[in-house]
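**Q** Below is the file work-v6.cif, which contains mmCIF, C-alpha atoms.
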```
data_entry
#
loop_
_atom_site.label_atom_id
_atom_site.label_comp_id
_atom_site.auth_asym_id
_atom_site.auth_seq_id
_atom_site.Cartn_x
_atom_site.Cartn_y
_atom_site.Cartn_z
CA MET V 1 108.95 80.51 81.74
CA SER V 2 105.29 80.67 80.93
CA SER V 3 103.68 83.59 79.24
CA ARG V 4 100.47 83.30 81.19
CA PRO V 5 99.32 86.41 83.09
CA GLY V 6 100.80 85.13 86.36
CA ALA V 7 104.24 84.43 84.88
CA ALA V 8 107.30 86.11 86.37
CA TRP V 9 108.95 87.36 83.18
CA PRO V 10 106.83 90.56 82.79
CA LEU V 11 107.80 91.59 86.34
CA VAL V 12 111.45 90.79 85.58
CA ALA V 13 111.28 92.94 82.43
CA VAL V 14 109.73 95.91 84.26
CA PHE V 15 112.24 95.45 87.11
CA THR V 16 115.08 95.64 84.56
CA ALA V 17 113.78 98.85 83.02
CA GLY V 18 113.37 100.43 86.46
CA TYR V 19 116.78 99.45 87.84
CA LEU V 20 118.88 100.08 84.73
CA ALA V 21 119.48 103.79 85.40
CA SER V 22 121.13 103.10 88.76
CA TYR V 23 123.30 100.38 87.22
CA LEU V 24 124.53 102.81 84.55
CA LEU V 25 125.17 105.57 87.10
CA PRO V 26 128.99 105.56 86.83
CA THR V 27 128.99 106.15 83.08
CA VAL V 28 126.14 108.69 83.37
CA VAL V 29 127.98 110.70 86.05
CA GLY V 30 131.33 110.36 84.30
CA ARG V 31 130.00 111.55 80.95
CA LEU V 32 128.07 114.44 82.46
CA SER V 33 131.31 115.59 84.03
CA ALA V 34 133.42 115.06 80.88
CA HIS V 35 131.04 116.37 78.22
CA LEU V 36 128.85 119.00 79.91
CA GLY V 37 131.59 120.78 81.82
CA LEU V 38 130.32 119.82 85.27
CA SER V 39 132.60 119.18 88.22
CA PRO V 40 132.50 115.66 89.72
CA ALA V 41 130.39 116.93 92.64
CA GLN V 42 127.94 118.66 90.26
CA ALA V 43 127.66 115.56 88.09
CA GLY V 44 127.08 113.49 91.22
CA LEU V 45 124.33 115.89 92.23
CA VAL V 46 122.58 115.31 88.88
CA GLY V 47 122.79 111.57 89.51
CA SER V 48 121.36 112.11 92.98
CA ALA V 49 118.47 114.12 91.52
CA LEU V 50 117.66 111.19 89.21
CA LEU V 51 117.59 108.69 92.05
CA LEU V 52 115.73 110.95 94.50
CA SER V 53 113.01 111.35 91.91
CA SER V 54 112.93 107.57 91.59
CA ALA V 55 112.61 107.19 95.36
CA GLY V 56 109.78 109.73 95.44
CA ALA V 57 107.81 107.64 92.98
CA GLY V 58 108.29 104.58 95.18
CA PHE V 59 107.01 106.32 98.31
CA ALA V 60 104.05 107.74 96.39
CA LEU V 61 103.01 104.30 95.12
CA ALA V 62 103.64 102.24 98.27
CA GLY V 63 100.45 100.27 98.99
CA ARG V 64 98.63 101.73 95.94
CA VAL V 65 99.79 99.43 93.15
CA GLU V 66 97.22 96.83 94.16
CA ARG V 67 94.44 99.41 93.84
CA PHE V 68 95.46 100.66 90.40
CA GLY V 69 96.58 97.29 89.09
CA ALA V 70 100.10 96.67 87.84
CA ARG V 71 99.53 97.36 84.15
CA THR V 72 98.55 101.05 84.22
CA PRO V 73 101.28 102.39 86.55
CA ALA V 74 103.89 100.21 84.81
CA ARG V 75 102.98 101.70 81.44
CA ALA V 76 102.94 105.21 82.88
CA GLY V 77 106.37 104.66 84.40
CA LEU V 78 107.84 103.32 81.16
CA ILE V 79 106.44 106.27 79.20
CA LEU V 80 107.89 108.75 81.68
CA ALA V 81 111.24 106.94 81.56
CA ALA V 82 111.34 106.93 77.76
CA VAL V 83 110.29 110.59 77.47
CA GLY V 84 112.47 111.87 80.32
CA TYR V 85 115.68 110.08 79.42
CA GLY V 86 115.02 110.69 75.74
CA CYS V 87 114.78 114.44 76.35
CA ALA V 88 117.94 114.32 78.49
CA ALA V 89 119.71 112.62 75.60
CA LEU V 90 118.59 115.27 73.12
CA ALA V 91 119.16 118.30 75.38
CA GLY V 92 122.39 120.25 75.22
CA SER V 93 121.95 122.50 78.26
CA VAL V 94 122.32 121.46 81.88
CA PRO V 95 118.85 122.65 83.09
CA LEU V 96 117.08 120.64 80.38
CA VAL V 97 119.20 117.59 81.11
CA VAL V 98 118.36 117.83 84.82
CA LEU V 99 114.64 118.18 84.03
CA GLY V 100 114.71 115.16 81.74
CA VAL V 101 116.68 113.18 84.32
CA MET V 102 114.11 113.87 87.04
CA VAL V 103 111.17 112.95 84.81
CA GLY V 104 112.95 109.79 83.73
CA GLY V 105 113.88 108.99 87.33
CA PHE V 106 110.24 109.23 88.40
CA GLY V 107 109.38 106.81 85.62
CA SER V 108 112.12 104.40 86.72
CA GLY V 109 110.87 104.54 90.32
CA THR V 110 107.29 103.86 89.20
CA ALA V 111 108.39 100.80 87.22
CA THR V 112 110.48 99.56 90.14
CA ALA V 113 107.57 99.99 92.59
CA VAL V 114 105.27 97.96 90.34
CA ALA V 115 107.86 95.21 90.01
CA ALA V 116 108.56 95.15 93.78
CA SER V 117 104.86 94.82 94.60
CA GLY V 118 104.43 91.98 92.12
CA ILE V 119 107.55 90.18 93.31
CA ALA V 120 106.39 90.35 96.95
CA ALA V 121 103.11 88.62 96.05
CA ARG V 122 104.82 85.65 94.38
CA ARG V 123 105.37 82.34 96.14
CA ASP V 124 109.18 82.66 95.91
CA PRO V 125 110.10 86.37 95.87
CA HIS V 126 113.82 85.70 96.25
CA ARG V 127 113.90 83.66 93.05
CA THR V 128 112.06 86.33 91.08
CA SER V 129 114.21 89.17 92.44
CA SER V 130 117.31 87.13 91.56
CA LEU V 131 116.06 86.78 87.98
CA GLY V 132 115.49 90.54 87.86
CA LEU V 133 118.99 91.32 89.10
CA LEU V 134 120.39 88.75 86.67
CA THR V 135 118.65 90.43 83.74
CA VAL V 136 119.56 94.00 84.67
CA SER V 137 123.19 92.99 85.30
CA ALA V 138 123.39 91.33 81.89
CA THR V 139 121.82 94.34 80.18
CA ALA V 140 124.14 96.79 81.93
CA GLY V 141 127.15 94.59 81.15
CA VAL V 142 126.38 94.64 77.43
CA LEU V 143 126.00 98.43 77.53
CA TYR V 144 129.30 98.88 79.39
CA LEU V 145 131.02 96.88 76.65
CA THR V 146 129.29 98.84 73.89
CA ILE V 147 129.00 102.49 74.97
CA PRO V 148 132.74 103.32 75.27
CA HIS V 149 133.23 102.35 71.60
CA LEU V 150 130.36 104.52 70.30
CA GLY V 151 131.17 107.95 71.76
CA GLY V 152 128.06 110.10 71.84
CA GLY V 153 128.95 112.22 74.86
CA HIS V 154 126.33 112.28 77.60
CA ARG V 155 123.57 111.35 75.15
CA LEU V 156 124.23 107.65 74.64
CA PRO V 157 123.62 106.32 78.20
CA PHE V 158 120.33 108.21 78.46
CA ALA V 159 119.26 107.04 75.01
CA ALA V 160 120.03 103.44 75.98
CA ILE V 161 117.87 103.63 79.14
CA ALA V 162 115.00 105.19 77.13
CA LEU V 163 115.26 102.46 74.49
CA VAL V 164 115.11 99.68 77.09
CA ALA V 165 111.95 101.26 78.56
CA LEU V 166 110.32 101.18 75.12
CA LEU V 167 111.40 97.58 74.51
CA VAL V 168 109.85 96.50 77.80
CA TRP V 169 106.49 98.13 77.00
CA PRO V 170 104.91 95.02 75.31
CA ALA V 171 105.53 92.97 78.47
CA THR V 172 103.03 95.14 80.38
CA ALA V 173 100.17 93.46 78.50
CA ARG V 174 100.80 90.41 80.73
CA LEU V 175 100.44 92.37 83.96
CA ASP V 176 97.25 92.54 86.02
CA GLY V 177 94.72 95.26 85.34
CA ALA V 178 92.90 97.52 87.82
CA ARG V 179 91.00 95.92 90.71
CA THR V 180 87.25 96.16 91.09
CA ALA V 181 85.70 98.25 93.86
CA GLU V 182 84.92 95.08 95.85
CA GLU V 183 88.52 93.87 95.59
CA THR V 184 90.10 97.18 96.57
CA SER V 185 87.92 97.36 99.71
CA SER V 186 89.13 93.96 100.91
CA PRO V 187 90.04 93.45 104.56
CA ILE V 188 93.77 92.98 103.79
CA THR V 189 94.14 96.75 103.48
CA GLY V 190 95.18 97.02 107.12
CA ARG V 191 98.15 98.47 108.97
CA LEU V 192 101.67 97.47 108.05
CA PRO V 193 102.80 94.23 109.70
CA HIS V 194 106.24 93.84 111.33
CA ARG V 195 106.59 97.61 111.70
CA ARG V 196 109.71 97.58 113.88
CA SER V 197 111.54 95.06 111.71
CA GLY V 198 110.46 96.90 108.57
CA LEU V 199 111.71 100.26 109.84
CA VAL V 200 115.06 98.78 110.88
CA LEU V 201 115.40 97.08 107.50
CA ALA V 202 114.45 100.24 105.58
CA GLY V 203 116.91 102.36 107.58
CA GLY V 204 119.65 99.78 107.16
CA MET V 205 119.07 99.53 103.41
CA LEU V 206 119.26 103.33 103.14
CA VAL V 207 122.74 103.45 104.72
CA TRP V 208 123.85 100.24 102.99
CA SER V 209 122.82 101.51 99.55
CA MET V 210 124.35 104.93 100.20
CA ALA V 211 127.74 103.34 100.90
CA GLN V 212 127.55 101.06 97.86
CA ASN V 213 126.60 103.78 95.42
CA ALA V 214 129.02 106.31 96.84
CA LEU V 215 131.70 103.96 95.53
CA TRP V 216 129.80 103.01 92.36
CA GLY V 217 129.21 106.65 91.46
CA VAL V 218 132.94 107.45 91.44
CA SER V 219 134.30 104.06 90.33
CA SER V 220 134.96 105.29 86.80
CA ARG V 221 136.92 108.28 88.18
CA ILE V 222 138.99 105.94 90.39
CA GLY V 223 139.88 103.85 87.35
CA LEU V 224 140.62 106.84 85.12
CA ASP V 225 142.33 109.22 87.55
CA GLN V 226 143.90 107.09 90.29
CA ALA V 227 144.61 103.81 88.47
CA GLY V 228 145.49 105.55 85.18
CA LEU V 229 143.27 103.38 82.96
CA SER V 230 141.52 104.32 79.70
CA GLU V 231 137.73 104.55 79.37
CA VAL V 232 137.68 101.40 77.25
CA THR V 233 139.63 99.47 79.90
CA VAL V 234 137.40 100.76 82.70
CA GLY V 235 134.33 99.76 80.67
CA ALA V 236 135.80 96.27 80.18
CA VAL V 237 136.43 95.98 83.93
CA PHE V 238 132.84 97.00 84.67
CA ALA V 239 131.53 94.50 82.13
CA ALA V 240 133.65 91.73 83.68
CA ALA V 241 132.48 92.76 87.14
CA LEU V 242 128.83 92.70 86.10
CA GLY V 243 129.44 89.32 84.47
CA ALA V 244 130.77 88.06 87.79
CA GLY V 245 127.63 89.53 89.33
CA LEU V 246 125.60 87.32 86.99
CA LEU V 247 127.37 84.28 88.39
CA GLY V 248 126.78 85.50 91.94
CA VAL V 249 123.06 86.08 91.39
CA THR V 250 122.73 82.72 89.62
CA GLY V 251 124.37 81.04 92.59
CA ALA V 252 122.08 82.88 94.99
CA GLY V 253 119.05 81.77 92.99
CA LEU V 254 120.20 78.15 93.07
CA LEU V 255 121.04 78.36 96.78
CA GLY V 256 117.70 79.92 97.64
CA ALA V 257 116.80 79.74 101.31
CA ARG V 258 118.98 76.74 102.19
CA LEU V 259 121.20 78.90 104.40
CA GLY V 260 118.41 81.28 105.37
CA ARG V 261 118.78 85.01 104.78
CA ALA V 262 120.95 86.02 107.74
CA VAL V 263 124.12 84.21 106.65
CA PRO V 264 124.24 85.58 103.06
CA ILE V 265 123.36 89.10 104.25
CA GLY V 266 125.81 89.16 107.17
CA LEU V 267 128.83 87.51 105.56
CA GLY V 268 128.16 89.14 102.20
CA THR V 269 128.15 92.61 103.76
CA VAL V 270 131.54 91.95 105.39
CA VAL V 271 133.00 90.91 102.01
CA ILE V 272 131.48 94.02 100.40
CA ALA V 273 133.12 96.28 102.98
CA ALA V 274 136.53 94.74 102.24
CA SER V 275 135.93 95.12 98.48
CA ILE V 276 135.09 98.80 98.87
CA VAL V 277 138.38 99.44 100.68
CA LEU V 278 140.36 97.51 98.05
CA SER V 279 138.74 99.16 95.05
CA SER V 280 139.00 102.71 96.40
CA SER V 281 142.71 102.30 97.13
CA ALA V 282 143.54 100.77 93.70
CA ARG V 283 146.43 102.27 91.76
CA ASP V 284 146.76 99.72 88.97
CA LEU V 285 144.60 97.47 86.81
CA GLY V 286 145.02 94.38 88.99
CA SER V 287 143.83 95.86 92.29
CA PHE V 288 141.09 97.92 90.61
CA ALA V 289 139.71 94.92 88.70
CA THR V 290 139.94 92.64 91.76
CA GLY V 291 138.07 95.07 93.99
CA GLU V 292 135.37 95.84 91.43
CA ILE V 293 134.84 92.21 90.42
CA MET V 294 134.71 90.96 94.02
CA TRP V 295 132.34 93.77 94.99
CA ASN V 296 130.02 93.28 92.00
CA THR V 297 129.96 89.52 92.59
CA VAL V 298 128.66 89.81 96.16
CA TYR V 299 126.65 93.06 95.99
CA PRO V 300 123.71 91.74 93.89
CA VAL V 301 123.65 88.53 95.94
CA VAL V 302 123.13 90.45 99.19
CA LEU V 303 120.70 92.81 97.47
CA SER V 304 118.57 89.89 96.25
CA TYR V 305 118.30 88.56 99.82
CA LEU V 306 117.46 92.03 101.14
CA ILE V 307 114.69 92.40 98.54
CA GLY V 308 113.38 88.96 99.45
CA LEU V 309 113.51 89.84 103.16
CA ALA V 310 111.52 93.03 102.59
CA ALA V 311 109.00 91.12 100.48
CA SER V 312 108.56 88.53 103.24
CA LEU V 313 107.35 91.17 105.70
CA ASP V 314 104.13 91.96 103.82
CA ILE V 315 102.40 89.94 101.11
CA ARG V 316 100.95 93.13 99.59
CA GLY V 317 104.46 94.37 98.88
CA ARG V 318 104.26 97.56 100.93
CA TRP V 319 107.49 96.89 102.83
CA ALA V 320 109.15 95.84 99.58
CA VAL V 321 108.26 99.19 98.02
CA LEU V 322 109.04 101.26 101.14
CA ALA V 323 112.37 99.53 101.79
CA GLY V 324 113.19 99.80 98.10
CA SER V 325 112.38 103.51 98.15
CA ALA V 326 114.53 104.02 101.25
CA SER V 327 117.28 102.19 99.40
CA SER V 328 116.75 104.54 96.45
CA ILE V 329 117.28 107.54 98.74
CA GLY V 330 120.56 105.98 99.81
CA VAL V 331 121.43 105.32 96.19
CA ALA V 332 120.53 108.93 95.38
CA CYS V 333 122.76 110.35 98.09
CA GLY V 334 125.59 107.97 97.18
CA PRO V 335 127.06 109.74 94.11
CA LEU V 336 127.12 113.11 95.84
CA LEU V 337 128.58 111.62 99.02
CA GLY V 338 131.24 109.76 97.06
CA SER V 339 132.15 112.86 95.04
CA VAL V 340 132.43 115.06 98.14
CA LEU V 341 134.41 112.50 100.16
CA SER V 342 136.79 111.78 97.28
CA GLU V 343 137.43 115.49 96.68
CA GLU V 344 137.90 116.34 100.34
CA ALA V 345 139.67 113.24 101.68
CA GLY V 346 140.84 111.30 98.62
CA TYR V 347 139.69 107.93 97.30
CA PRO V 348 141.45 105.66 99.87
CA ALA V 349 140.04 107.57 102.87
CA MET V 350 136.62 107.56 101.22
CA GLY V 351 136.83 103.77 100.96
CA LEU V 352 137.66 103.38 104.65
CA ILE V 353 134.71 105.56 105.66
CA LEU V 354 132.29 103.73 103.37
CA GLY V 355 133.58 100.32 104.46
CA ALA V 356 133.06 101.22 108.12
CA ALA V 357 129.51 102.46 107.42
CA THR V 358 128.74 99.21 105.59
CA LEU V 359 129.92 97.14 108.54
CA LEU V 360 127.86 99.20 110.99
CA VAL V 361 124.55 98.33 109.29
CA ALA V 362 125.41 94.64 108.92
CA ALA V 363 124.39 93.81 112.52
CA PRO V 364 120.84 95.30 112.64
CA VAL V 365 119.91 94.10 109.15
CA THR V 366 121.17 90.59 109.91
CA ALA V 367 119.18 90.67 113.17
CA VAL V 368 116.01 91.41 111.19
CA ALA V 369 116.78 88.46 108.91
CA LEU V 370 117.17 86.21 111.98
CA HIS V 371 114.01 87.54 113.63
CA THR V 372 111.75 87.27 110.58
CA GLY V 373 112.97 84.13 108.88
CA GLY V 374 109.63 83.12 107.34
CA ARG V 375 107.26 84.85 104.96
CA PRO V 376 103.53 85.61 105.05
CA LEU V 377 101.17 82.84 104.11
CA VAL V 378 99.92 82.81 100.56
CA PRO V 379 96.99 80.79 99.19
CA GLY V 380 97.76 77.11 99.56
CA SER V 381 100.76 77.51 101.85
CA VAL V 382 101.00 75.93 105.30
CA ARG V 383 102.38 77.30 108.56
CA ARG V 384 105.85 76.01 109.45
CA ARG V 385 104.72 74.82 112.88
CA GLY V 386 101.61 73.09 111.64
CA GLY V 387 98.11 74.36 111.13
CA ALA V 388 95.59 74.73 108.36
CA PRO V 389 96.35 76.12 104.92
CA ALA V 390 95.84 79.85 104.46
CA ALA V 391 92.91 79.33 102.10
CA LEU V 392 91.06 77.23 104.72
CA LEU V 393 91.74 79.68 107.55
CA ALA V 394 90.59 82.59 105.41
CA ALA V 395 87.44 80.76 104.34
CA THR V 396 86.44 79.91 107.91
CA THR V 397 86.67 83.56 108.96
CA GLY V 398 84.86 84.88 105.91
CA GLY V 399 87.95 86.81 104.72
CA LEU V 400 90.00 86.75 101.56
CA SER V 401 92.63 84.10 100.92
CA GLY V 402 95.86 85.41 102.33
CA ALA V 403 94.23 87.45 105.14
CA VAL V 404 95.46 85.15 107.90
CA PRO V 405 94.89 86.05 111.57
CA LYS V 406 98.00 86.88 113.56
CA LEU V 407 99.39 84.07 115.71
CA GLY V 408 98.06 84.30 119.25
CA SER V 409 95.30 86.78 118.36
CA PRO V 410 91.63 86.35 119.40
CA GLU V 411 90.71 86.02 115.71
CA GLN V 412 93.05 83.05 115.36
CA ALA V 413 91.61 81.41 118.47
CA VAL V 414 88.08 81.72 117.05
CA THR V 415 89.28 80.35 113.71
CA GLU V 416 90.90 77.32 115.31
CA LEU V 417 87.76 76.67 117.42
CA ARG V 418 85.58 76.70 114.29
CA VAL V 419 87.94 74.32 112.49
CA ARG V 420 87.87 71.91 115.44
CA ARG V 421 84.05 72.02 115.61
CA ARG V 422 83.74 71.21 111.93
CA ARG V 423 86.17 68.30 112.25
CA LEU V 424 84.26 66.89 115.25
CA VAL V 425 80.92 67.18 113.43
CA ARG V 426 82.29 65.52 110.27
CA SER V 427 83.73 62.71 112.40
CA ALA V 428 80.34 62.24 114.13
CA ILE V 429 78.55 62.12 110.78
CA ARG V 430 80.94 59.47 109.44
CA THR V 431 80.57 57.26 112.54
CA ALA V 432 76.80 57.67 112.97
CA GLY V 433 74.38 54.93 111.93
CA PRO V 434 72.09 55.28 108.90
CA ASP V 435 69.13 56.19 111.10
CA GLY V 436 70.71 59.25 112.59
CA GLY V 437 71.34 61.15 109.37
CA SER V 438 68.78 63.91 109.89
CA ASP V 439 69.88 64.50 113.47
CA GLN V 440 73.51 64.84 112.48
CA SER V 441 72.60 67.22 109.66
CA ASN V 442 70.67 69.39 112.10
CA ALA V 443 73.59 69.25 114.52
CA TYR V 444 76.01 70.29 111.79
CA ALA V 445 73.77 73.18 110.75
CA SER V 446 73.43 74.32 114.35
CA THR V 447 77.19 74.09 114.95
CA SER V 448 77.94 75.97 111.72
CA ALA V 449 75.52 78.71 112.67
CA ARG V 450 77.38 79.28 115.94
#
```
For the file at hand, write its structure as structure tokens.
**A**
Amino acid sequence: MSSRPGAAWPLVAVFTAGYLASYLLPTVVGRLSAHLGLSPAQAGLVGSALLLSSAGAGFALAGRVERFGARTPARAGLILAAVGYGCAALAGSVPLVVLGVMVGGFGSGTATAVAASGIAARRDPHRTSSLGLLTVSATAGVLYLTIPHLGGGHRLPFAAIALVALLVWPATARLDGARTAEETSSPITGRLPHRRSGLVLAGGMLVWSMAQNALWGVSSRIGLDQAGLSEVTVGAVFAAALGAGLLGVTGAGLLGARLGRAVPIGLGTVVIAASIVLSSSARDLGSFATGEIMWNTVYPVVLSYLIGLAASLDIRGRWAVLAGSASSIGVACGPLLGSVLSEEAGYPAMGLILGAATLLVAAPVTAVALHTGGRPLVPGSVRRRGGAPAALLAATTGGLSGAVPKLGSPEQAVTELRVRRRRLVRSAIRTAGPDGGSDQSNAYASTSAR
């Protein structure tokens, strides 16, 4: 992968730093409960505070990353993540840990918003998001293999997240800087496109993520309490599951859009629902490992297609950030919901409820994928059903490359008329005799002026 400014690897690095906290949520919640004297519900609430803060950063930055440039908010987010999680690691009292967690969560959300905006602007957002999920899964897998052997109470997971944020810092030098005043006042700063589809997708991702992370937030407790496994064994299962997730994401990246987005999202969500039920009802190593591995194999695959779907709705990345932030709210509510359901109804009943909720959102989200199968035009791309490249259409209307008129709009009709006129004039010039050159030039100038 190239190291030029437009390369994908800086976005992948920032994406990894932003997503890592949610991937380490089970060990964070479990260690807060075991080493700070919190009940499972209280520890889940701390995890929810982290992720709500992350979601708040995403909503605050939606549509603004382009104005500030990617580099400055990415660096601010990484600093907040390093400072917040670092303070949470050093603190010994619950209020200070919660404060550090919320500051770090805001930093994680800022980094994720920057990455989501950059991924949406790339030619193949699904490929880039798959690389991001691949990297964060690998990083989390290594930490799940390492942390149980090092002890450290609640401090070690927070210290690991802070360290990753610091390690990613040099990659921000490859990100874009702030835009000029002329660029930030460009005509592509209009209303959100595909508003109905975007709202359905954002709402579906909220419920979908809530169900996933309700299970993920209590998975370690299921393994320890219900299946009777040790922390080292549970950590090994999580590492194996995340390793299977690497294979799933790699397969999704290779598959790309060959099957579209609706099939992976719809079928994958059904498999996820079955995995949730299996994992939550596990009472031995075999069923627990099978459920977790199957779930972690399919979950990042579906997530990568959902991220790509959100990115396809708006080239500026606003729907990617808004849908991602809605997903973060679901992620934030997940640990608390899982803790409350498991305490009140038990783990198997919790799994049935979460599996049913997952199936309920499969239909509307899959419908969005079917309805919006393409993606916005980017410079140099061509409409599926024919037509001029985006750069040509933008140039003929005097707008920026990428600001393509909506199909069927008056602006598009004017654009197509101008293109036809220019083609007719060029054809007339080519076929005219040598004596008619000045007349054709005048005709071309007159036509262009109209």
**Q** Identify which of the residues V:Ala41, V:Leu259, V:Val207, V:Leu32 lies closest to V:Leu341, counting only C-alpha atoms when measuring atom-to-atom distances.
**A**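 Checking each of V:Ala41, V:Leu259, V:Val207, V:Leu32 against V:Leu341, counting only C-alpha atoms, the winner is V:Ala41.
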**Q** Could you tell me which residues the PyMOL selection byres ((chain V and resi 70-81) around 7) grabs in this file, written as an NGL selection string?
**A** :V and (65-66 or 68-69 or 82-85 or 103-105 or 107-108 or 110-111 or 114 or 162 or 165-166 or 169 or 172-173 or 175-177)
**Q** Using all atoms listed in the file, which of the listed residues (V:Leu309, V:Ala273, V:Leu278, V:Leu322) sits closest to V:Leu354?
**A**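 Going through V:Leu309, V:Ala273, V:Leu278, V:Leu322 one by one, the smallest distance to V:Leu354 is for V:Ala273.
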**Q** When you draw a straight line from atom CA of V:Thr233 to atom CA of V:Ser209, how long is it in Å?
**A**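 Atom CA of V:Ser209 lies at a distance of 25.9 Å from atom CA of V:Thr233.
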**Q** If you count all atoms listed in the file, which residues fall within 12 Å of V:Leu247, apart from same-chain ones fewer than 5 positions away, as a short mmCIF file (atom, residue, chain, number, x, y, z; two decimals) with C-alpha atoms, in the coordinates of the input?
**A**
```
data_model
loop_
_atom_site.label_atom_id
_atom_site.label_comp_id
_atom_site.auth_asym_id
_atom_site.auth_seq_id
_atom_site.Cartn_x
_atom_site.Cartn_y
_atom_site.Cartn_z
CA SER V 130 117.31 87.13 91.56
CA LEU V 131 116.06 86.78 87.98
CA LEU V 133 118.99 91.32 89.10
CA LEU V 134 120.39 88.75 86.67
CA THR V 135 118.65 90.43 83.74
CA SER V 137 123.19 92.99 85.30
CA ALA V 138 123.39 91.33 81.89
CA ALA V 240 133.65 91.73 83.68
CA ALA V 241 132.48 92.76 87.14
CA LEU V 242 128.83 92.70 86.10
CA ALA V 252 122.08 82.88 94.99
CA GLY V 253 119.05 81.77 92.99
CA LEU V 254 120.20 78.15 93.07
CA ILE V 293 134.84 92.21 90.42
CA MET V 294 134.71 90.96 94.02
CA ASN V 296 130.02 93.28 92.00
CA THR V 297 129.96 89.52 92.59
CA VAL V 298 128.66 89.81 96.16
CA TYR V 299 126.65 93.06 95.99
CA PRO V 300 123.71 91.74 93.89
CA VAL V 301 123.65 88.53 95.94
#
```
**Q** Taking the file as I've supplied it (selection: the PyMOL selection byres ((chain V and resi 192) around 9)), which residues are included? Please answer as a ChimeraX atom specification.
**A** /V:189-191,193-195,198,313-314,318-319
**Q** Which residue, V:Leu206, V:Val98, V:Gln226, V:Trp295, has the smallest gap to V:Gly334 when you use all atoms listed in the file?
**A**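 Using all atoms listed in the file, V:Gly334 sits closest to V:Leu206.
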**Q** Output the residue selection produced by the PyMOL selection byres ((chain V and resi 357) around 12) on the file above, formatted as a PyMOL selection string.
**A** chain V and resi 204-212+214+269-270+272-274+276-277+350-356+358-363
**Q** Select, from V:Gly317, V:Gly58, V:Pro170, V:Gly268, the residue with the minimum atom-to-atom distance to V:Leu303, counting all atoms listed in the file.
**A**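 Of the candidates, the smallest distance to V:Leu303 is held by V:Gly268.
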